[in-house]
Amino acid sequence: MNTTERKEALLRVQQASPFATGYQLQYKGENKQFDVWDIPLDYLVYNQYNGRIGSVVKSYEKQNHRLSPENPDDAAIIEHFLWESKPSANEVTERSLKSIGQQKFGIVTADGIIIDGNRRASILNRIRHSETSTPQEKARCGSFKAVILPLDAQKADILRLETSYQMGEDAKVDYNPIEKYLKTRDLKESNFTDEEVAEFMGV
């Protein structure tokens with residue numbers, strides 16, 4: 001799916017009943033309530049510059065080629081990087097997803113880019129494409145439960161959410177210093193202050 005097709009598909013998803021309502025996010029400086037949608041994974045693509053693997057991806061692209069998450073071969077490379085970023089934690093998450101499904105909601109843009117939840121989405125894809133997964137496990141892992149951001153979300157809004165809900169909240173799977181440095185640089189280039197960067201990262 002290209003950008004336009006994903007956007008249209010997500011609009012169709014939002015014509016049905018939401019999976020959950022009243023999910024609070026800090027959006028545009030305010031606490032706002034959002035609906036959560038059950039989104040087929042085929043409607044979504046990874047954010048290859050996700051804070052968890054940003055440095056690895058940029059190094060790969062420097063030596064090889066720019067990764068496009070819409071390309072299945074490149075998506076497989078991104079999934080490999082996400083898995084290798086924390087194999088032991090990923091194994092625990094995989095067992096949990098197989099057993100009880102997705103419990104923590106993600107965040108995606110209106111055109112289907114995963115802002116928060118790339119690691120979980122990659123493991124869901126891993127399970128549903130694995131020959132060793134049972135039909136019940138595949139059924140549990142065929143979709144991604146997430147907030148869909150409004151069409152007017154700006155780059156700064158997305159960076160703020162991405163940092164706050166990954167590096168600020170996801171203490172169970174720590175980010176290495178290089179990933180934090182690169183994310184800090186991105187935020188500073190978008191004119192966030194030192195105090196705002198520290199707040200987003202929970203430090």
# chains A, B, ... in the order shown; residues from 1 in each chain; ligands from 1

call {"tool": "closest_atom_pairs", "arguments": {"of": "range 51-85 of chain A", "to": "range 117-136 of chain A", "cutoff": "9 Å", "atoms": "only C-alpha atoms", "output": "JSON lines"}}
result
{"residue": "A:Arg52", "atom": "CA", "partner": "A:Arg119", "partner_atom": "CA", "distance": 8.6}
{"residue": "A:Ile78", "atom": "CA", "partner": "A:Ser122", "partner_atom": "CA", "distance": 8.7}
{"residue": "A:Glu79", "atom": "CA", "partner": "A:Ser122", "partner_atom": "CA", "distance": 5.7}
{"residue": "A:His80", "atom": "CA", "partner": "A:Ser122", "partner_atom": "CA", "distance": 8.9}
{"residue": "A:Leu82", "atom": "CA", "partner": "A:Arg119", "partner_atom": "CA", "distance": 5.9}
{"residue": "A:Trp83", "atom": "CA", "partner": "A:Arg119", "partner_atom": "CA", "distance": 7.4}

call {"tool": "write_last_selection", "arguments": {"atoms": "N, CA, C and O atoms", "output": "mmCIF file, in the first residue's frame"}}
result
data_model
loop_
_atom_site.group_PDB
_atom_site.id
_atom_site.type_symbol
_atom_site.label_atom_id
_atom_site.label_comp_id
_atom_site.auth_asym_id
_atom_site.auth_seq_id
_atom_site.Cartn_x
_atom_site.Cartn_y
_atom_site.Cartn_z
ATOM 1 N N ARG A 52 14.367 3.596 18.710
ATOM 2 C CA ARG A 52 15.053 2.397 19.166
ATOM 3 C C ARG A 52 16.148 1.945 18.202
ATOM 4 O O ARG A 52 17.149 1.367 18.612
ATOM 5 N N ILE A 78 14.089 -3.822 8.567
ATOM 6 C CA ILE A 78 13.676 -3.031 9.727
ATOM 7 C C ILE A 78 13.228 -3.951 10.862
ATOM 8 O O ILE A 78 13.577 -3.743 12.029
ATOM 9 N N GLU A 79 12.476 -4.996 10.529
ATOM 10 C CA GLU A 79 12.037 -5.957 11.546
ATOM 11 C C GLU A 79 13.230 -6.639 12.203
ATOM 12 O O GLU A 79 13.235 -6.860 13.427
ATOM 13 N N HIS A 80 14.241 -6.965 11.410
ATOM 14 C CA HIS A 80 15.450 -7.585 11.965
ATOM 15 C C HIS A 80 16.128 -6.638 12.957
ATOM 16 O O HIS A 80 16.519 -7.055 14.056
ATOM 17 N N LEU A 82 14.745 -4.207 14.650
ATOM 18 C CA LEU A 82 13.899 -4.080 15.835
ATOM 19 C C LEU A 82 14.053 -5.292 16.760
ATOM 20 O O LEU A 82 14.112 -5.148 17.982
ATOM 21 N N TRP A 83 14.114 -6.479 16.172
ATOM 22 C CA TRP A 83 14.277 -7.683 16.997
ATOM 23 C C TRP A 83 15.634 -7.682 17.684
ATOM 24 O O TRP A 83 15.733 -7.950 18.890
#

call {"tool": "closest_atom_pairs", "arguments": {"of": "range 63-124 of chain A", "to": "range 25-38 of chain A", "cutoff": "10 Å", "atoms": "only C-alpha atoms", "output": "JSON lines"}}
result
{"residue": "A:Phe105", "atom": "CA", "partner": "A:Val36", "partner_atom": "CA", "distance": 7.5}
{"residue": "A:Gly106", "atom": "CA", "partner": "A:Val36", "partner_atom": "CA", "distance": 8.6}
{"residue": "A:Ile107", "atom": "CA", "partner": "A:Val36", "partner_atom": "CA", "distance": 8.9}

call {"tool": "select_by_dssp", "arguments": {"residues": "range 27-148 of chain A", "states": "strand (DSSP E or B)", "output": "list in words"}}
result
Tyr27, Glu30, Asn31, Lys32, Gln33, Phe34, Asp35, Val36, Trp37, Asp38, Ile39, Pro40, Val45, Gly106, Ile107, Val108, Ile113, Ile114, Ile115, Asp116, Ser143, Phe144, Lys145, Ala146, Val147 and Ile148 of chain A

call {"tool": "closest_residue", "arguments": {"among": "A:Thr109, A:Thr93, A:Asn2, A:Gln14", "to": "Asp42 in chain A", "atoms": "only C-alpha atoms"}}
result
A:Asn2

call {"tool": "residues_around", "arguments": {"residues": "range 186-203 of chain A", "least_positions_apart": "2", "cutoff": "7 Å", "atoms": "only C-alpha atoms", "output": "CSV table (one decimal) with all heavy atoms, in the first residue's frame"}}
result
chain,number,residue,atom,x,y,z
A,156,ALA,N,6.3,18.4,14.5
A,156,ALA,CA,6.6,18.7,15.9
A,156,ALA,C,5.7,17.9,16.8
A,156,ALA,O,6.1,17.4,17.9
A,156,ALA,CB,6.5,20.2,16.2
A,159,LEU,N,6.9,14.2,16.7
A,159,LEU,CA,8.2,14.1,17.5
A,159,LEU,C,7.9,14.1,19.0
A,159,LEU,O,8.5,13.3,19.7
A,159,LEU,CB,9.1,15.2,17.1
A,159,LEU,CG,10.0,15.0,15.9
A,159,LEU,CD1,10.8,16.3,15.6
A,159,LEU,CD2,11.0,13.8,16.1
A,160,ARG,N,7.1,15.0,19.4
A,160,ARG,CA,6.8,15.1,20.9
A,160,ARG,C,6.2,13.8,21.4
A,160,ARG,O,6.6,13.2,22.4
A,160,ARG,CB,5.8,16.3,21.1
A,160,ARG,CG,5.5,16.5,22.6
A,160,ARG,CD,4.2,17.4,22.7
A,160,ARG,NE,4.5,18.7,22.1
A,160,ARG,CZ,4.8,19.8,22.9
A,160,ARG,NH1,4.9,19.7,24.2
A,160,ARG,NH2,5.0,21.0,22.3
A,163,THR,N,8.7,10.8,21.3
A,163,THR,CA,9.7,10.8,22.3
A,163,THR,C,9.1,10.5,23.7
A,163,THR,O,9.6,9.7,24.5
A,163,THR,CB,10.4,12.2,22.4
A,163,THR,OG1,10.9,12.5,21.1
A,163,THR,CG2,11.6,12.2,23.4
A,164,SER,N,7.9,11.1,24.0
A,164,SER,CA,7.3,11.0,25.3
A,164,SER,C,6.9,9.6,25.5
A,164,SER,O,7.0,9.0,26.6
A,164,SER,CB,6.1,11.9,25.4
A,164,SER,OG,6.5,13.3,25.3
A,167,MET,N,10.8,7.0,24.7
A,167,MET,CA,11.9,7.2,25.6
A,167,MET,C,11.5,7.7,27.0
A,167,MET,O,12.2,7.4,28.0
A,167,MET,CB,12.9,8.2,25.0
A,167,MET,CG,13.6,7.7,23.7
A,167,MET,SD,14.8,8.8,23.1
A,167,MET,CE,15.4,7.8,21.7
A,168,GLY,N,10.4,8.4,27.1
A,168,GLY,CA,9.9,8.8,28.4
A,168,GLY,C,9.2,7.8,29.2
A,168,GLY,O,9.2,7.8,30.4
A,182,LEU,N,20.6,11.1,19.1
A,182,LEU,CA,20.0,11.4,17.8
A,182,LEU,C,18.6,12.0,17.9
A,182,LEU,O,18.2,12.9,17.2
A,182,LEU,CB,20.0,10.1,16.9
A,182,LEU,CG,21.3,9.6,16.5
A,182,LEU,CD1,21.2,8.2,15.8
A,182,LEU,CD2,22.0,10.6,15.5
A,183,LYS,N,17.8,11.4,18.9
A,183,LYS,CA,16.5,11.9,19.1
A,183,LYS,C,16.6,13.4,19.6
A,183,LYS,O,15.8,14.2,19.2
A,183,LYS,CB,15.7,11.0,20.1
A,183,LYS,CG,14.3,11.5,20.3
A,183,LYS,CD,13.5,11.6,19.1
A,183,LYS,CE,13.3,10.3,18.4
A,183,LYS,NZ,12.4,10.4,17.2
A,184,THR,N,17.5,13.6,20.5
A,184,THR,CA,17.7,15.0,21.0
A,184,THR,C,18.0,16.0,19.9
A,184,THR,O,17.5,17.1,19.8
A,184,THR,CB,18.8,15.0,22.1
A,184,THR,OG1,18.4,14.2,23.2
A,184,THR,CG2,19.0,16.4,22.6

call {"tool": "closest_residue", "arguments": {"among": "A:Ser88, A:Gly112, A:Leu161, A:Pro177", "to": "Arg6 in chain A", "atoms": "only C-alpha atoms"}}
result
A:Gly112

call {"tool": "select_by_dssp", "arguments": {"residues": "range 29-171 of chain A", "states": "helix (DSSP H, G or I)", "output": "CSV table (one decimal) with N, CA and C atoms, in the first residue's frame"}}
result
chain,number,residue,atom,x,y,z
A,41,LEU,N,-2.8,-5.1,10.2
A,41,LEU,CA,-1.4,-4.7,10.1
A,41,LEU,C,-1.0,-4.4,8.7
A,42,ASP,N,-1.7,-4.9,7.7
A,42,ASP,CA,-1.3,-4.6,6.3
A,42,ASP,C,-1.6,-3.1,6.0
A,43,TYR,N,-2.3,-2.4,6.8
A,43,TYR,CA,-2.6,-1.0,6.6
A,43,TYR,C,-1.5,-0.1,7.1
A,54,GLY,N,17.2,4.0,15.3
A,54,GLY,CA,17.6,5.1,14.4
A,54,GLY,C,19.0,5.1,14.0
A,55,SER,N,19.9,4.9,14.9
A,55,SER,CA,21.3,4.9,14.6
A,55,SER,C,21.7,3.8,13.7
A,56,VAL,N,21.2,2.6,13.9
A,56,VAL,CA,21.5,1.4,13.1
A,56,VAL,C,21.0,1.6,11.7
A,57,VAL,N,19.8,2.1,11.6
A,57,VAL,CA,19.2,2.4,10.2
A,57,VAL,C,20.0,3.4,9.5
A,58,LYS,N,20.4,4.5,10.1
A,58,LYS,CA,21.1,5.5,9.4
A,58,LYS,C,22.5,5.0,9.0
A,59,SER,N,23.1,4.2,9.8
A,59,SER,CA,24.4,3.6,9.5
A,59,SER,C,24.2,2.6,8.3
A,60,TYR,N,23.1,1.8,8.3
A,60,TYR,CA,22.9,0.9,7.2
A,60,TYR,C,22.6,1.7,5.9
A,61,GLU,N,21.8,2.8,6.0
A,61,GLU,CA,21.5,3.5,4.8
A,61,GLU,C,22.8,4.2,4.2
A,62,LYS,N,23.7,4.6,5.1
A,62,LYS,CA,24.9,5.3,4.6
A,62,LYS,C,25.8,4.3,3.8
A,63,GLN,N,25.7,3.0,4.2
A,63,GLN,CA,26.6,2.0,3.6
A,63,GLN,C,25.9,1.3,2.4
A,72,PRO,N,8.6,-4.7,0.9
A,72,PRO,CA,8.7,-5.9,1.8
A,72,PRO,C,10.1,-6.3,2.2
A,73,ASP,N,11.1,-6.2,1.3
A,73,ASP,CA,12.4,-6.5,1.6
A,73,ASP,C,13.0,-5.6,2.6
A,74,ASP,N,12.8,-4.3,2.5
A,74,ASP,CA,13.3,-3.3,3.4
A,74,ASP,C,12.5,-3.4,4.7
A,75,ALA,N,11.2,-3.7,4.7
A,75,ALA,CA,10.5,-3.9,5.9
A,75,ALA,C,11.1,-5.1,6.7
A,76,ALA,N,11.5,-6.1,6.0
A,76,ALA,CA,12.1,-7.3,6.7
A,76,ALA,C,13.4,-6.9,7.4
A,77,ILE,N,14.2,-6.0,6.8
A,77,ILE,CA,15.4,-5.5,7.4
A,77,ILE,C,15.1,-4.7,8.7
A,78,ILE,N,14.1,-3.8,8.6
A,78,ILE,CA,13.7,-3.0,9.7
A,78,ILE,C,13.2,-4.0,10.9
A,79,GLU,N,12.5,-5.0,10.5
A,79,GLU,CA,12.0,-6.0,11.5
A,79,GLU,C,13.2,-6.6,12.2
A,80,HIS,N,14.2,-7.0,11.4
A,80,HIS,CA,15.5,-7.6,12.0
A,80,HIS,C,16.1,-6.6,13.0
A,81,PHE,N,16.3,-5.4,12.6
A,81,PHE,CA,16.9,-4.4,13.5
A,81,PHE,C,16.1,-4.2,14.8
A,82,LEU,N,14.7,-4.2,14.7
A,82,LEU,CA,13.9,-4.1,15.8
A,82,LEU,C,14.1,-5.3,16.8
A,83,TRP,N,14.1,-6.5,16.2
A,83,TRP,CA,14.3,-7.7,17.0
A,83,TRP,C,15.6,-7.7,17.7
A,84,GLU,N,16.7,-7.4,16.9
A,84,GLU,CA,18.0,-7.4,17.5
A,84,GLU,C,18.3,-6.3,18.5
A,87,PRO,N,16.8,-8.6,22.0
A,87,PRO,CA,16.2,-9.9,21.8
A,87,PRO,C,15.5,-10.5,23.0
A,88,SER,N,16.1,-10.4,24.2
A,88,SER,CA,15.5,-11.0,25.4
A,88,SER,C,14.2,-10.4,25.7
A,89,ALA,N,14.1,-9.1,25.7
A,89,ALA,CA,12.8,-8.5,25.9
A,89,ALA,C,11.8,-8.8,24.8
A,90,ASN,N,12.2,-8.9,23.6
A,90,ASN,CA,11.3,-9.3,22.5
A,90,ASN,C,10.8,-10.7,22.6
A,91,GLU,N,11.6,-11.6,23.2
A,91,GLU,CA,11.1,-13.0,23.4
A,91,GLU,C,10.0,-13.0,24.4
A,92,VAL,N,10.1,-12.2,25.5
A,92,VAL,CA,9.1,-12.1,26.5
A,92,VAL,C,7.8,-11.5,25.9
A,93,THR,N,8.0,-10.4,25.1
A,93,THR,CA,6.8,-9.8,24.5
A,93,THR,C,6.1,-10.8,23.5
A,94,GLU,N,6.9,-11.5,22.8
A,94,GLU,CA,6.4,-12.5,21.8
A,94,GLU,C,5.5,-13.5,22.5
A,95,ARG,N,6.0,-14.1,23.7
A,95,ARG,CA,5.2,-15.0,24.4
A,95,ARG,C,3.9,-14.4,24.9
A,96,SER,N,4.0,-13.2,25.4
A,96,SER,CA,2.8,-12.5,25.9
A,96,SER,C,1.8,-12.3,24.8
A,97,LEU,N,2.2,-11.8,23.6
A,97,LEU,CA,1.3,-11.6,22.5
A,97,LEU,C,0.7,-12.9,22.0
A,98,LYS,N,1.4,-13.9,22.0
A,98,LYS,CA,0.9,-15.2,21.6
A,98,LYS,C,-0.2,-15.7,22.6
A,99,SER,N,0.0,-15.4,23.8
A,99,SER,CA,-0.8,-15.9,24.9
A,99,SER,C,-2.1,-15.1,25.1
A,100,ILE,N,-1.9,-13.7,25.1
A,100,ILE,CA,-3.1,-12.9,25.5
A,100,ILE,C,-3.3,-11.8,24.5
A,118,ASN,N,6.3,0.3,17.2
A,118,ASN,CA,7.0,-0.4,16.1
A,118,ASN,C,7.5,-1.8,16.5
A,119,ARG,N,8.0,-1.9,17.7
A,119,ARG,CA,8.6,-3.2,18.2
A,119,ARG,C,7.4,-4.2,18.3
A,120,ARG,N,6.3,-3.8,19.0
A,120,ARG,CA,5.2,-4.7,19.1
A,120,ARG,C,4.6,-5.1,17.8
A,121,ALA,N,4.5,-4.1,16.9
A,121,ALA,CA,3.9,-4.4,15.6
A,121,ALA,C,4.8,-5.4,14.8
A,122,SER,N,6.1,-5.3,15.0
A,122,SER,CA,7.0,-6.2,14.3
A,122,SER,C,6.9,-7.6,14.8
A,123,ILE,N,6.7,-7.7,16.1
A,123,ILE,CA,6.5,-9.0,16.7
A,123,ILE,C,5.2,-9.6,16.4
A,124,LEU,N,4.1,-8.8,16.3
A,124,LEU,CA,2.8,-9.3,15.8
A,124,LEU,C,3.0,-9.8,14.4
A,125,ASN,N,3.7,-9.1,13.5
A,125,ASN,CA,3.9,-9.6,12.2
A,125,ASN,C,4.7,-10.9,12.2
A,126,ARG,N,5.7,-11.0,13.0
A,126,ARG,CA,6.6,-12.2,13.2
A,126,ARG,C,5.7,-13.4,13.5
A,127,ILE,N,4.8,-13.2,14.4
A,127,ILE,CA,3.9,-14.3,14.9
A,127,ILE,C,3.0,-14.7,13.8
A,128,ARG,N,2.3,-13.7,13.1
A,128,ARG,CA,1.3,-14.1,12.1
A,128,ARG,C,1.9,-14.7,10.8
A,129,HIS,N,3.2,-14.5,10.6
A,129,HIS,CA,3.9,-15.1,9.4
A,129,HIS,C,4.7,-16.3,9.8
A,135,PRO,N,-3.2,-21.4,14.7
A,135,PRO,CA,-4.2,-20.6,14.1
A,135,PRO,C,-4.8,-19.6,15.2
A,136,GLN,N,-4.9,-20.0,16.4
A,136,GLN,CA,-5.4,-19.1,17.5
A,136,GLN,C,-4.4,-17.9,17.7
A,137,GLU,N,-3.1,-18.2,17.7
A,137,GLU,CA,-2.1,-17.2,17.9
A,137,GLU,C,-2.1,-16.2,16.7
A,138,LYS,N,-2.2,-16.7,15.5
A,138,LYS,CA,-2.3,-15.8,14.4
A,138,LYS,C,-3.5,-15.0,14.4
A,139,ALA,N,-4.6,-15.5,14.8
A,139,ALA,CA,-5.9,-14.7,14.9
A,139,ALA,C,-5.7,-13.6,15.9
A,140,ARG,N,-5.0,-13.9,17.0
A,140,ARG,CA,-4.8,-12.8,18.0
A,140,ARG,C,-3.9,-11.7,17.6
A,155,LYS,N,4.8,17.7,12.2
A,155,LYS,CA,6.1,17.0,12.5
A,155,LYS,C,6.4,17.2,14.0
A,156,ALA,N,6.3,18.4,14.5
A,156,ALA,CA,6.6,18.7,15.9
A,156,ALA,C,5.7,17.9,16.8
A,157,ASP,N,4.4,17.8,16.5
A,157,ASP,CA,3.5,17.0,17.3
A,157,ASP,C,3.9,15.5,17.4
A,158,ILE,N,4.3,15.0,16.2
A,158,ILE,CA,4.6,13.6,16.1
A,158,ILE,C,5.9,13.3,16.9
A,159,LEU,N,6.9,14.2,16.7
A,159,LEU,CA,8.2,14.1,17.5
A,159,LEU,C,7.9,14.1,19.0
A,160,ARG,N,7.1,15.0,19.4
A,160,ARG,CA,6.8,15.1,20.9
A,160,ARG,C,6.2,13.8,21.4
A,161,LEU,N,5.2,13.3,20.6
A,161,LEU,CA,4.5,12.0,21.0
A,161,LEU,C,5.5,10.9,21.0
A,162,GLU,N,6.3,10.8,19.9
A,162,GLU,CA,7.2,9.7,19.7
A,162,GLU,C,8.2,9.6,20.9
A,163,THR,N,8.7,10.8,21.3
A,163,THR,CA,9.7,10.8,22.3
A,163,THR,C,9.1,10.5,23.7
A,164,SER,N,7.9,11.1,24.0
A,164,SER,CA,7.3,11.0,25.3
A,164,SER,C,6.9,9.6,25.5
A,165,TYR,N,6.3,8.9,24.5
A,165,TYR,CA,5.7,7.6,24.7
A,165,TYR,C,6.7,6.5,24.4
A,166,GLN,N,7.9,6.8,23.9
A,166,GLN,CA,8.9,5.8,23.7
A,166,GLN,C,10.0,6.0,24.8

call {"tool": "closest_residue", "arguments": {"among": "A:Val108, A:Leu11, A:Ala16, A:Leu151", "to": "Val45 in chain A", "atoms": "only C-alpha atoms"}}
result
A:Val108

call {"tool": "atom_distance", "arguments": {"atom1": "CA of Glu70 in chain A", "atom2": "CA of Leu149 in chain A"}}
result
19.7 Å

call {"tool": "atom_distance", "arguments": {"atom1": "CA of Gln24 in chain A", "atom2": "CA of Lys86 in chain A"}}
result
27.9 Å

call {"tool": "atom_distance", "arguments": {"atom1": "CA of Ile53 in chain A", "atom2": "CA of Ser85 in chain A"}}
result
6.9 Å

call {"tool": "closest_residue", "arguments": {"among": "A:Ser143, A:Ser17, A:Gln102, A:Thr3", "to": "Pro69 in chain A", "atoms": "only C-alpha atoms"}}
result
A:Thr3

call {"tool": "closest_residue", "arguments": {"among": "A:Tyr49, A:Lys145, A:Met1, A:Ala20", "to": "Asn71 in chain A", "atoms": "only C-alpha atoms"}}
result
A:Met1
